[in-house]
Amino acid sequence: MEKILEVNHLTIDFNTFAGPVHAIRDVSFHLNKGETLAIVGESGSGKSVTMRTVMGLLATNAKIEAGEVKLEGKDILKKSEKELNAMRGNDVAMIFQDPMTSLDPTMTIGKQVAEPLRLHTKISQKAALKEAVRVLELVGIHDAARRLKDYPHQFSGGQRQRIVIAIAIINHPKVLIADEPTTALDVTIQAQIIHLLQEIQHKIDTAIIFITHDLGVVAGIADRVAVMYAGKIIESGDVDEVFYNPQHPYTWGLLEAMPTLETKRDRLYAIPGTPPDLLDPPKGDAFAPRNRYAMKIDTEQEPPFFQVSQTHYAATWLLAPGAPTVELPPEIVRRRKIWAQKHPSQEAAK
Amino acid sequence: MSEDTREKLVEVRDLVQTFNAGKKDEVRAIQDISFDIYRGETLGLVGESGSGKTTTGRSIIRLYDPTSGTVKFEGQDIAKLKNGSKAMHQFRRQMQMIFQDPYASLNPRMKVKDIIAEGLDIHHLVKSEKERDDRVAALLEEVGLNPDHATRYPHEFSGGQRQRIGIARALAVEPEFIIADEPISALDVSIQAQVVNLMKDIQDKNGLTYLFIAHDLSMVKYISDRIAVMHNGRLVELASSDEVYTHPLHPYTQSLLSAIPEPDPDTERRRVLVPYDASQAEGDDKARSMTEVFPGHFIYAATDEVAGYQHAAQAAHAND
């Protein structure tokens with residue numbers, strides 16, 4: 001498969017009055033052409049910072065300590081501001097979380113949707129607006145020609161997010177980054193927007209990075225999943241691998257913490273404690289203090305990535321040769337059973 | 001439990017809440033809803049934004065005076081309580097609220113102990129500084145926070161911890177009934193589970209009654225005994241939480257349930273969204289009211305629709 005985006009060993013610190021915050025700690029991942037990669041994590045895990053780096057939108061107090069971000073083989077960290085401007089909204093586009101604040105309230109939606117075209121191509125205003133109508137219809141704004149002169153406040157939340165998507169896709173970006181695009185929306189509207197993103201992906205053949213903390217949404221949209229914790233990716237794999245054969249205790253905890261509709265009224269598993277302070281990340285595995293399965297080595301040494309399959313990796317000492325076999329949480333046992341049914345020939349991973 | 005043996009703590013009857021009545025920007029936020037909340041239960045109230053669920057909560061705690069209809073708490077009509085009266089004072093103590101936004105709902109200029117003890121002071125529940133501090137320490141411990149942090153300010157706490165402070169504040173005056181308005185939607189998944197577990201523990205220990213308002217339907221199912229579904233200011237379905245999820249009867253509930261994402265790729269691949277056309281089941285001019293179509297299962301229906309719903313309910317249960 002052709003890789004469109006490659007992030008290698010990205011390490012970013014933020015300078016603050018209290019000292020450097022180690023927000024991104026050696027993050028590597030790639031995005032294949034036309035696929036959807038979901039990046040899952042809690043607030044502060046580094047998912048949004050990683051995406052801002054890909055967009056060249058880091059805050060001024062951010063310092064890239066190491067790593068590279070290659071878009072079609074070219075390192076964007078080495079690009080000039082002018083080159084970045086040519087890239088943003090053209091090769092890489094972003095959909096933001098809050099459709100209420102990501103549109104300009106003083107500008108008609110026709111102009112806002114046509115703006116990326118006007119910026120990146122030599123096209124007349126008239127032709128750009130015509131294209132805007134086409135894209136607005138594509139994202140499900142009915143009667144778009146008549147609504148070009150309307151302002152954002154004349155649209156509902158779901159419609160606004162459709163308009164934000166229209167702006168992002170008008171230049172047919174190779175990579176579309178969606179940062180919690182449905183978190184602010186009602187569940188029925190959320191389902192419509194996700195369906196729309198999938199349709200558009202097929203129509204314009206773009207790759208999508210979908211950032212979210214909602215595992216339900218991930219299960220529906222992702223081809224591959226990367227789970228982030230405390231500035232690192234701790235598990236990545238195909239969507240079935242991560243949901244039915246998860247390996248990292250943090251992934252287990254996330255899956256257990258979400259009640260499914262079958263969950264009966266007893267206690268939910270809650271990951272104890274809170275994420276670590278990245279001003280001073282703990283020695284060893286950052287998840288160790290909250291990890292039921294932590295061993296002595298977890299507090300001493302950071303686990304490397306262990307390979308589970310060709311596509312599946314997890315950074316936990318439980319996968320090390322000679323690690324003890326642990327008793328899995330019931331929810332994970334249930335999921336592993338589904339995995340075993342799907343892959344009867346394969347011996348289930350330990 | 002059968003209907004008759006349960007004690008009704010809150011009775012909402014024909015409640016209508018209209019804002020800017022008679023003006024051009026009139027909003028009919030709640031249009032004639034009736035339901036009961038039984039002592040000791042958790043009633044989940046779900047619906048999309050603008051459906052009227054928050055307004056319902058605020059009307060019950062009497063932040064609004066109802067346009068028409070009544071809200072009774074322990075048999076007493078709360079609209080008849082006079083502001084400043086002793087009875088009103090007592091009512092305010094018995095009913096407390098936990099808010100959605102743990103950042104906006106704590107005064108940043110107050111110490112945690114003063115935030116928690118504000119209700120104790122107002123209701124004169126403590127006699128000395130020492131008793132006040134002891135009570136705050138006990139409350140902090142009850143919600144899983146370190147009592148030594150009583151002298152800190154809200155900004156020193158994370159979102160989940162702040163929500164615990166909000167819960168401690170609500171518990172301070174030993175209420176009987178707590179309205180939790182989207183208490184977990186601003187929190188991360190792992191922290192949501194912590195807060196929901198805490199709320200359940202406290203309920204079991206203190207025999208509290210909850211009205212749990214939310215749009216996260218899987219969490220609502222998990223915490224609630226019964227669920228009420230709202231749409232466009234109306235209650236459209238009310239039943240036990242299992243019943244609502246396994247046998248939803250109202251087309252709006254069916255549509256809502258079909259949209260809940262689940263952390264299971266196979267389920268998601270099979271997902272079929274059920275569209276909802278409001279003009280069919282509530283928008284036309286037929287007179288509708290909440291009707292019991294199966295024991296404990298209420299639907300917003302017109303008289304000529306009842307038979308159809310009853311039939312559907314019986315068919316659904318026959319297949320169990």
# chains A, B, ... in the order shown; residues from 1 in each chain; ligands from 1
>>> select_by_dssp(residues="segment 104-300 of chain B", states="strand (DSSP E)", output="count of residues only")
35
>>> residues_around(residues="Thr55 of chain B", least_positions_apart="5", cutoff="12 Å", atoms="only C-alpha atoms", output="MDAnalysis selection string")
chainID B and resid 15:19 27:31 33 45 47 49:50 60:66 179 181 213 230 232:234
>>> interface_residues(of="chain B", to="chain A", cutoff="7 Å", atoms="only C-alpha atoms", output="ChimeraX atom specification")
/B:48-49,188-190,193-194,197,218-219,222-223,256,259-265,268-269
>>> write_last_selection(atoms="N, CA and C atoms", output="PDB file, in the first residue's frame")
ATOM      1  N   GLU B  48     -32.198  15.015  22.074  1.00  0.00           N
ATOM      2  CA  GLU B  48     -31.164  15.826  21.430  1.00  0.00           C
ATOM      3  C   GLU B  48     -31.185  17.252  21.975  1.00  0.00           C
ATOM      4  N   SER B  49     -30.203  18.054  21.589  1.00  0.00           N
ATOM      5  CA  SER B  49     -30.172  19.420  22.097  1.00  0.00           C
ATOM      6  C   SER B  49     -31.416  20.150  21.598  1.00  0.00           C
ATOM      7  N   ASP B 188     -13.402  12.855  30.001  1.00  0.00           N
ATOM      8  CA  ASP B 188     -12.838  11.776  29.206  1.00  0.00           C
ATOM      9  C   ASP B 188     -13.462  10.436  29.597  1.00  0.00           C
ATOM     10  N   VAL B 189     -13.400   9.480  28.659  1.00  0.00           N
ATOM     11  CA  VAL B 189     -14.071   8.198  28.866  1.00  0.00           C
ATOM     12  C   VAL B 189     -13.685   7.542  30.193  1.00  0.00           C
ATOM     13  N   SER B 190     -12.387   7.461  30.487  1.00  0.00           N
ATOM     14  CA  SER B 190     -11.978   6.744  31.694  1.00  0.00           C
ATOM     15  C   SER B 190     -12.451   7.490  32.941  1.00  0.00           C
ATOM     16  N   ALA B 193     -16.378   6.956  33.666  1.00  0.00           N
ATOM     17  CA  ALA B 193     -16.708   5.743  34.413  1.00  0.00           C
ATOM     18  C   ALA B 193     -16.482   5.969  35.905  1.00  0.00           C
ATOM     19  N   GLN B 194     -15.426   6.690  36.260  1.00  0.00           N
ATOM     20  CA  GLN B 194     -15.170   6.975  37.681  1.00  0.00           C
ATOM     21  C   GLN B 194     -16.331   7.757  38.291  1.00  0.00           C
ATOM     22  N   ASN B 197     -19.581   5.652  38.535  1.00  0.00           N
ATOM     23  CA  ASN B 197     -19.483   4.709  39.652  1.00  0.00           C
ATOM     24  C   ASN B 197     -19.670   5.423  40.986  1.00  0.00           C
ATOM     25  N   SER B 218     -25.659   5.234  25.926  1.00  0.00           N
ATOM     26  CA  SER B 218     -25.221   3.982  26.538  1.00  0.00           C
ATOM     27  C   SER B 218     -24.951   4.188  28.026  1.00  0.00           C
ATOM     28  N   MET B 219     -24.413   5.368  28.388  1.00  0.00           N
ATOM     29  CA  MET B 219     -24.184   5.640  29.801  1.00  0.00           C
ATOM     30  C   MET B 219     -25.533   5.789  30.536  1.00  0.00           C
ATOM     31  N   TYR B 222     -26.954   2.492  31.322  1.00  0.00           N
ATOM     32  CA  TYR B 222     -26.193   1.840  32.371  1.00  0.00           C
ATOM     33  C   TYR B 222     -26.608   2.327  33.759  1.00  0.00           C
ATOM     34  N   ILE B 223     -26.867   3.619  33.907  1.00  0.00           N
ATOM     35  CA  ILE B 223     -27.123   4.161  35.249  1.00  0.00           C
ATOM     36  C   ILE B 223     -28.613   4.212  35.609  1.00  0.00           C
ATOM     37  N   LEU B 256     -33.386   7.173  17.296  1.00  0.00           N
ATOM     38  CA  LEU B 256     -32.313   7.581  18.201  1.00  0.00           C
ATOM     39  C   LEU B 256     -31.408   6.393  18.530  1.00  0.00           C
ATOM     40  N   ALA B 259     -28.833   5.184  16.049  1.00  0.00           N
ATOM     41  CA  ALA B 259     -27.692   6.058  15.764  1.00  0.00           C
ATOM     42  C   ALA B 259     -26.585   5.970  16.815  1.00  0.00           C
ATOM     43  N   ILE B 260     -26.798   5.204  17.889  1.00  0.00           N
ATOM     44  CA  ILE B 260     -25.775   5.162  18.945  1.00  0.00           C
ATOM     45  C   ILE B 260     -24.580   4.335  18.493  1.00  0.00           C
ATOM     46  N   PRO B 261     -23.412   4.935  18.412  1.00  0.00           N
ATOM     47  CA  PRO B 261     -22.253   4.140  18.013  1.00  0.00           C
ATOM     48  C   PRO B 261     -21.806   3.220  19.143  1.00  0.00           C
ATOM     49  N   GLU B 262     -21.428   2.011  18.789  1.00  0.00           N
ATOM     50  CA  GLU B 262     -20.956   1.067  19.808  1.00  0.00           C
ATOM     51  C   GLU B 262     -19.523   0.665  19.518  1.00  0.00           C
ATOM     52  N   PRO B 263     -18.743   0.428  20.587  1.00  0.00           N
ATOM     53  CA  PRO B 263     -17.326   0.100  20.373  1.00  0.00           C
ATOM     54  C   PRO B 263     -17.146  -1.316  19.860  1.00  0.00           C
ATOM     55  N   ASP B 264     -17.746  -1.618  18.740  1.00  0.00           N
ATOM     56  CA  ASP B 264     -17.705  -2.961  18.191  1.00  0.00           C
ATOM     57  C   ASP B 264     -17.771  -2.866  16.664  1.00  0.00           C
ATOM     58  N   PRO B 265     -16.647  -3.122  15.986  1.00  0.00           N
ATOM     59  CA  PRO B 265     -16.613  -2.923  14.528  1.00  0.00           C
ATOM     60  C   PRO B 265     -17.674  -3.716  13.774  1.00  0.00           C
ATOM     61  N   GLU B 268     -20.981  -2.034  14.050  1.00  0.00           N
ATOM     62  CA  GLU B 268     -20.978  -0.801  13.267  1.00  0.00           C
ATOM     63  C   GLU B 268     -21.128  -1.086  11.780  1.00  0.00           C
ATOM     64  N   ARG B 269     -20.520  -2.179  11.306  1.00  0.00           N
ATOM     65  CA  ARG B 269     -20.632  -2.499   9.876  1.00  0.00           C
ATOM     66  C   ARG B 269     -22.064  -2.857   9.508  1.00  0.00           C
TER      67      ARG B 269
END
>>> atom_distance(atom1="atom CA of Asp104 of chain A", atom2="atom CA of Gly158 of chain A")
16.1 Å
>>> residues_around(residues="segment 95-108 of chain B", least_positions_apart="6", cutoff="7 Å", atoms="only C-alpha atoms", output="short mmCIF file (atom, residue, chain, number, x, y, z; two decimals) with all heavy atoms, in the first residue's frame")
data_model
loop_
_atom_site.label_atom_id
_atom_site.label_comp_id
_atom_site.auth_asym_id
_atom_site.auth_seq_id
_atom_site.Cartn_x
_atom_site.Cartn_y
_atom_site.Cartn_z
N ILE B 61 -36.63 21.97 39.58
CA ILE B 61 -35.93 22.56 40.73
C ILE B 61 -36.40 24.01 40.95
O ILE B 61 -35.89 24.73 41.80
CB ILE B 61 -34.40 22.45 40.55
CG1 ILE B 61 -33.68 22.50 41.90
CG2 ILE B 61 -33.86 23.48 39.60
CD1 ILE B 61 -32.23 22.07 41.83
N TYR B 153 -7.78 25.98 45.35
CA TYR B 153 -8.76 26.64 44.49
C TYR B 153 -9.11 25.72 43.32
O TYR B 153 -8.31 24.85 42.94
CB TYR B 153 -8.20 27.96 43.98
CG TYR B 153 -8.14 29.02 45.05
CD1 TYR B 153 -7.01 29.18 45.85
CD2 TYR B 153 -9.25 29.83 45.29
CE1 TYR B 153 -6.97 30.14 46.85
CE2 TYR B 153 -9.22 30.79 46.29
CZ TYR B 153 -8.08 30.95 47.07
OH TYR B 153 -8.06 31.88 48.05
N PRO B 154 -10.28 25.93 42.69
CA PRO B 154 -10.73 25.02 41.62
C PRO B 154 -9.71 24.81 40.50
O PRO B 154 -9.60 23.71 39.96
CB PRO B 154 -11.99 25.70 41.09
CG PRO B 154 -12.53 26.44 42.25
CD PRO B 154 -11.33 26.91 43.03
N HIS B 155 -8.95 25.85 40.12
CA HIS B 155 -8.06 25.69 38.96
C HIS B 155 -6.97 24.66 39.21
O HIS B 155 -6.29 24.23 38.28
CB HIS B 155 -7.44 27.03 38.57
CG HIS B 155 -6.34 27.49 39.48
ND1 HIS B 155 -6.56 28.35 40.53
CD2 HIS B 155 -5.03 27.19 39.50
CE1 HIS B 155 -5.42 28.57 41.16
NE2 HIS B 155 -4.47 27.88 40.55
N GLY B 159 -10.67 18.13 35.38
CA GLY B 159 -12.10 18.13 35.11
C GLY B 159 -12.86 17.10 35.95
O GLY B 159 -13.90 17.40 36.54
N ARG B 162 -12.94 18.19 39.54
CA ARG B 162 -13.89 19.29 39.74
C ARG B 162 -15.31 18.77 39.81
O ARG B 162 -16.13 19.27 40.57
CB ARG B 162 -13.80 20.27 38.59
CG ARG B 162 -12.61 21.16 38.64
CD ARG B 162 -12.58 21.92 37.35
NE ARG B 162 -11.30 22.55 37.18
CZ ARG B 162 -11.16 23.85 36.91
NH1 ARG B 162 -12.21 24.60 36.75
NH2 ARG B 162 -9.97 24.35 36.77
N GLN B 163 -15.60 17.76 38.96
CA GLN B 163 -16.95 17.23 38.99
C GLN B 163 -17.21 16.55 40.34
O GLN B 163 -18.31 16.60 40.86
CB GLN B 163 -17.15 16.27 37.81
CG GLN B 163 -18.57 16.14 37.31
CD GLN B 163 -19.24 17.45 36.95
OE1 GLN B 163 -19.25 18.41 37.71
NE2 GLN B 163 -19.81 17.53 35.77
N GLY B 166 -18.14 19.26 42.65
CA GLY B 166 -19.54 19.61 42.42
C GLY B 166 -20.50 18.62 43.09
O GLY B 166 -21.54 18.99 43.62
N ILE B 167 -20.11 17.34 43.08
CA ILE B 167 -20.94 16.32 43.72
C ILE B 167 -20.89 16.50 45.24
O ILE B 167 -21.92 16.43 45.91
CB ILE B 167 -20.47 14.91 43.30
CG1 ILE B 167 -20.75 14.69 41.80
CG2 ILE B 167 -21.17 13.83 44.13
CD1 ILE B 167 -20.16 13.42 41.22
N ALA B 170 -23.16 19.25 46.24
CA ALA B 170 -24.58 18.85 46.21
C ALA B 170 -24.93 17.99 47.43
O ALA B 170 -26.00 18.12 48.01
CB ALA B 170 -24.87 18.10 44.92
N PRO B 175 -29.30 16.14 50.57
CA PRO B 175 -30.54 16.23 49.80
C PRO B 175 -31.17 14.85 49.63
O PRO B 175 -30.53 13.83 49.90
CB PRO B 175 -30.09 16.77 48.45
CG PRO B 175 -28.71 16.21 48.30
CD PRO B 175 -28.12 16.18 49.68
N GLU B 176 -32.42 14.85 49.17
CA GLU B 176 -33.07 13.57 48.86
C GLU B 176 -33.04 13.31 47.36
O GLU B 176 -33.13 12.18 46.91
CB GLU B 176 -34.52 13.61 49.31
CG GLU B 176 -34.66 13.59 50.81
CD GLU B 176 -36.10 13.75 51.21
OE1 GLU B 176 -36.95 13.04 50.63
OE2 GLU B 176 -36.35 14.58 52.09
N PHE B 177 -32.95 14.40 46.61
CA PHE B 177 -33.13 14.30 45.17
C PHE B 177 -32.05 15.15 44.48
O PHE B 177 -31.83 16.30 44.87
CB PHE B 177 -34.53 14.82 44.82
CG PHE B 177 -34.86 14.80 43.35
CD1 PHE B 177 -34.76 13.64 42.61
CD2 PHE B 177 -35.28 15.96 42.70
CE1 PHE B 177 -35.08 13.62 41.26
CE2 PHE B 177 -35.60 15.95 41.35
CZ PHE B 177 -35.50 14.77 40.63
N ILE B 178 -31.37 14.55 43.51
CA ILE B 178 -30.33 15.29 42.79
C ILE B 178 -30.64 15.26 41.30
O ILE B 178 -30.92 14.21 40.72
CB ILE B 178 -28.93 14.71 43.06
CG1 ILE B 178 -28.52 14.99 44.50
CG2 ILE B 178 -27.89 15.30 42.10
CD1 ILE B 178 -27.13 14.51 44.86
N ILE B 179 -30.61 16.45 40.70
CA ILE B 179 -30.73 16.55 39.25
C ILE B 179 -29.32 16.68 38.70
O ILE B 179 -28.60 17.62 39.05
CB ILE B 179 -31.57 17.77 38.85
CG1 ILE B 179 -33.00 17.62 39.41
CG2 ILE B 179 -31.60 17.93 37.33
CD1 ILE B 179 -33.89 18.81 39.14
N ALA B 180 -28.92 15.73 37.87
CA ALA B 180 -27.58 15.77 37.28
C ALA B 180 -27.76 16.08 35.79
O ALA B 180 -28.27 15.26 35.04
CB ALA B 180 -26.87 14.44 37.48
N ASP B 181 -27.38 17.28 35.39
CA ASP B 181 -27.60 17.72 34.02
C ASP B 181 -26.33 17.50 33.21
O ASP B 181 -25.39 18.26 33.30
CB ASP B 181 -28.00 19.20 34.00
CG ASP B 181 -28.47 19.64 32.63
OD1 ASP B 181 -28.39 18.83 31.69
OD2 ASP B 181 -28.91 20.80 32.49
N GLU B 182 -26.29 16.43 32.44
CA GLU B 182 -25.12 16.06 31.63
C GLU B 182 -23.85 16.06 32.47
O GLU B 182 -22.86 16.70 32.10
CB GLU B 182 -24.95 17.03 30.46
CG GLU B 182 -26.18 17.15 29.58
CD GLU B 182 -26.02 16.46 28.26
OE1 GLU B 182 -25.08 15.67 28.11
OE2 GLU B 182 -26.86 16.68 27.38
N PRO B 183 -23.81 15.34 33.60
CA PRO B 183 -22.68 15.48 34.52
C PRO B 183 -21.38 14.90 33.98
O PRO B 183 -20.32 15.19 34.52
CB PRO B 183 -23.13 14.70 35.76
CG PRO B 183 -24.08 13.69 35.24
CD PRO B 183 -24.80 14.36 34.10
N ILE B 184 -21.44 14.08 32.93
CA ILE B 184 -20.20 13.43 32.49
C ILE B 184 -19.82 13.79 31.07
O ILE B 184 -18.78 13.37 30.59
CB ILE B 184 -20.30 11.89 32.61
CG1 ILE B 184 -21.53 11.39 31.87
CG2 ILE B 184 -20.32 11.46 34.05
CD1 ILE B 184 -21.51 9.90 31.64
N SER B 185 -20.64 14.59 30.38
CA SER B 185 -20.37 14.74 28.95
C SER B 185 -19.11 15.57 28.67
O SER B 185 -18.57 15.51 27.58
CB SER B 185 -21.58 15.33 28.22
OG SER B 185 -22.03 16.48 28.86
N ALA B 186 -18.61 16.32 29.66
CA ALA B 186 -17.39 17.10 29.43
C ALA B 186 -16.14 16.32 29.84
O ALA B 186 -15.04 16.84 29.77
CB ALA B 186 -17.46 18.42 30.20
#
>>> residues_around(residues="Trp252 of chain A", least_positions_apart="5", cutoff="9 Å", atoms="only C-alpha atoms", output="list of chain:residue names")
A:Pro246, A:Gln247, A:Ala257, A:Leu328, A:Pro329, A:Glu331, A:Ile332
>>> residues_around(residues="Pro304 of chain A", least_positions_apart="3", cutoff="9 Å", atoms="only C-alpha atoms", output="list in words")
Ala314, Ala315, Thr316 and Trp317 of chain A
>>> select_by_dssp(residues="segment 59-171 of chain A", states="alpha helix (DSSP H)", output="PyMOL selection string")
chain A and resi 81-87+109-120+125-138+144-147+157-169
>>> write_last_selection(atoms="C-alpha atoms", output="short mmCIF file (atom, residue, chain, number, x, y, z; two decimals), in the first residue's frame")
data_model
loop_
_atom_site.label_atom_id
_atom_site.label_comp_id
_atom_site.auth_asym_id
_atom_site.auth_seq_id
_atom_site.Cartn_x
_atom_site.Cartn_y
_atom_site.Cartn_z
CA GLU A 81 5.88 29.36 5.80
CA LYS A 82 5.13 30.06 2.14
CA GLU A 83 5.34 26.39 1.23
CA LEU A 84 3.17 25.54 4.23
CA ASN A 85 0.57 28.05 3.07
CA ALA A 86 0.52 26.34 -0.31
CA MET A 87 0.00 23.00 1.43
CA ILE A 109 -20.91 30.77 3.34
CA GLY A 110 -20.47 30.96 -0.43
CA LYS A 111 -17.33 33.03 0.00
CA GLN A 112 -16.07 30.83 2.81
CA VAL A 113 -16.48 27.64 0.83
CA ALA A 114 -14.95 29.15 -2.31
CA GLU A 115 -12.03 30.72 -0.42
CA PRO A 116 -9.61 27.75 -0.56
CA LEU A 117 -10.16 27.52 -4.33
CA ARG A 118 -9.51 31.23 -4.77
CA LEU A 119 -6.37 30.98 -2.65
CA HIS A 120 -4.83 27.95 -4.28
CA GLN A 125 -14.97 34.34 -8.30
CA LYS A 126 -17.90 33.26 -10.43
CA ALA A 127 -16.41 29.87 -11.29
CA ALA A 128 -15.32 29.36 -7.67
CA LEU A 129 -18.83 30.04 -6.41
CA LYS A 130 -20.19 27.61 -8.96
CA GLU A 131 -17.85 24.95 -7.61
CA ALA A 132 -18.89 25.92 -4.07
CA VAL A 133 -22.50 25.16 -4.98
CA ARG A 134 -21.48 21.76 -6.31
CA VAL A 135 -19.54 20.88 -3.16
CA LEU A 136 -22.25 22.18 -0.85
CA GLU A 137 -24.78 19.96 -2.63
CA LEU A 138 -22.31 17.09 -2.26
CA ALA A 144 -27.12 25.54 -2.18
CA ALA A 145 -27.24 28.07 -5.03
CA ARG A 146 -29.90 30.02 -3.20
CA ARG A 147 -28.09 29.84 0.14
CA GLY A 157 -25.13 22.89 14.02
CA GLY A 158 -25.22 19.83 11.77
CA GLN A 159 -25.49 21.96 8.62
CA ARG A 160 -22.58 24.11 9.77
CA GLN A 161 -20.41 21.05 10.18
CA ARG A 162 -21.39 20.05 6.63
CA ILE A 163 -20.26 23.48 5.45
CA VAL A 164 -16.96 23.09 7.32
CA ILE A 165 -16.51 19.76 5.53
CA ALA A 166 -17.28 21.43 2.18
CA ILE A 167 -14.51 23.98 2.82
CA ALA A 168 -12.09 21.20 3.72
CA ILE A 169 -12.76 19.07 0.63
#
>>> residues_around(residues="segment 303-308 of chain B", least_positions_apart="4", cutoff="12 Å", atoms="only C-alpha atoms", output="list in words")
Leu249, His250, Gln280, Ala281, Glu282, Lys286, Ala287, Arg288, Ser289, Met290, Thr291, Glu292, Val293, Phe294, His297, Phe298, Ile299, Ala312, Ala313, Gln314 and Ala315 of chain B
>>> closest_residue(among="A:Ala18, A:Ile123, A:Leu5, A:Ile211", to="Ile76 of chain A", atoms="only C-alpha atoms")
A:Leu5
>>> decode(residues="segment 194-243 of chain B", atoms="C-alpha atoms", output="short mmCIF file (atom, residue, chain, number, x, y, z; two decimals), in the first residue's frame")
data_model
loop_
_atom_site.label_atom_id
_atom_site.label_comp_id
_atom_site.auth_asym_id
_atom_site.auth_seq_id
_atom_site.Cartn_x
_atom_site.Cartn_y
_atom_site.Cartn_z
CA GLN B 194 -15.17 6.98 37.68
CA VAL B 195 -17.83 9.66 38.13
CA VAL B 196 -20.72 7.35 37.20
CA ASN B 197 -19.48 4.71 39.65
CA LEU B 198 -19.18 7.38 42.35
CA MET B 199 -22.74 8.57 41.71
CA LYS B 200 -24.00 5.00 42.01
CA ASP B 201 -22.09 4.36 45.23
CA ILE B 202 -23.47 7.52 46.79
CA GLN B 203 -26.98 6.60 45.72
CA ASP B 204 -26.71 3.15 47.27
CA LYS B 205 -25.30 4.60 50.49
CA ASN B 206 -27.64 7.57 50.95
CA GLY B 207 -30.78 6.29 49.25
CA LEU B 208 -30.80 9.19 46.82
CA THR B 209 -33.12 9.73 43.90
CA TYR B 210 -31.60 10.96 40.64
CA LEU B 211 -32.85 12.65 37.53
CA PHE B 212 -29.97 11.96 35.14
CA ILE B 213 -30.11 14.17 32.04
CA ALA B 214 -27.84 13.15 29.19
CA HIS B 215 -27.43 12.59 25.50
CA ASP B 216 -24.92 9.72 25.86
CA LEU B 217 -27.41 6.92 25.60
CA SER B 218 -25.22 3.98 26.54
CA MET B 219 -24.18 5.64 29.80
CA VAL B 220 -27.84 6.55 30.52
CA LYS B 221 -28.91 2.96 30.03
CA TYR B 222 -26.19 1.84 32.37
CA ILE B 223 -27.12 4.16 35.25
CA SER B 224 -30.91 4.48 34.91
CA ASP B 225 -33.77 2.34 36.19
CA ARG B 226 -36.23 4.00 33.85
CA ILE B 227 -35.70 6.20 30.83
CA ALA B 228 -37.79 9.04 29.46
CA VAL B 229 -37.18 10.12 25.86
CA MET B 230 -37.89 13.71 24.86
CA HIS B 231 -38.25 15.25 21.44
CA ASN B 232 -39.35 18.75 20.45
CA GLY B 233 -40.42 19.62 23.98
CA ARG B 234 -42.55 16.51 24.35
CA LEU B 235 -42.09 13.26 26.15
CA VAL B 236 -42.47 10.54 23.53
CA GLU B 237 -41.62 7.34 25.41
CA LEU B 238 -41.10 6.25 29.01
CA ALA B 239 -40.30 2.75 30.26
CA SER B 240 -37.74 0.74 32.21
CA SER B 241 -34.30 1.16 30.71
CA ASP B 242 -34.11 -2.43 29.44
CA GLU B 243 -37.55 -2.09 27.89
#
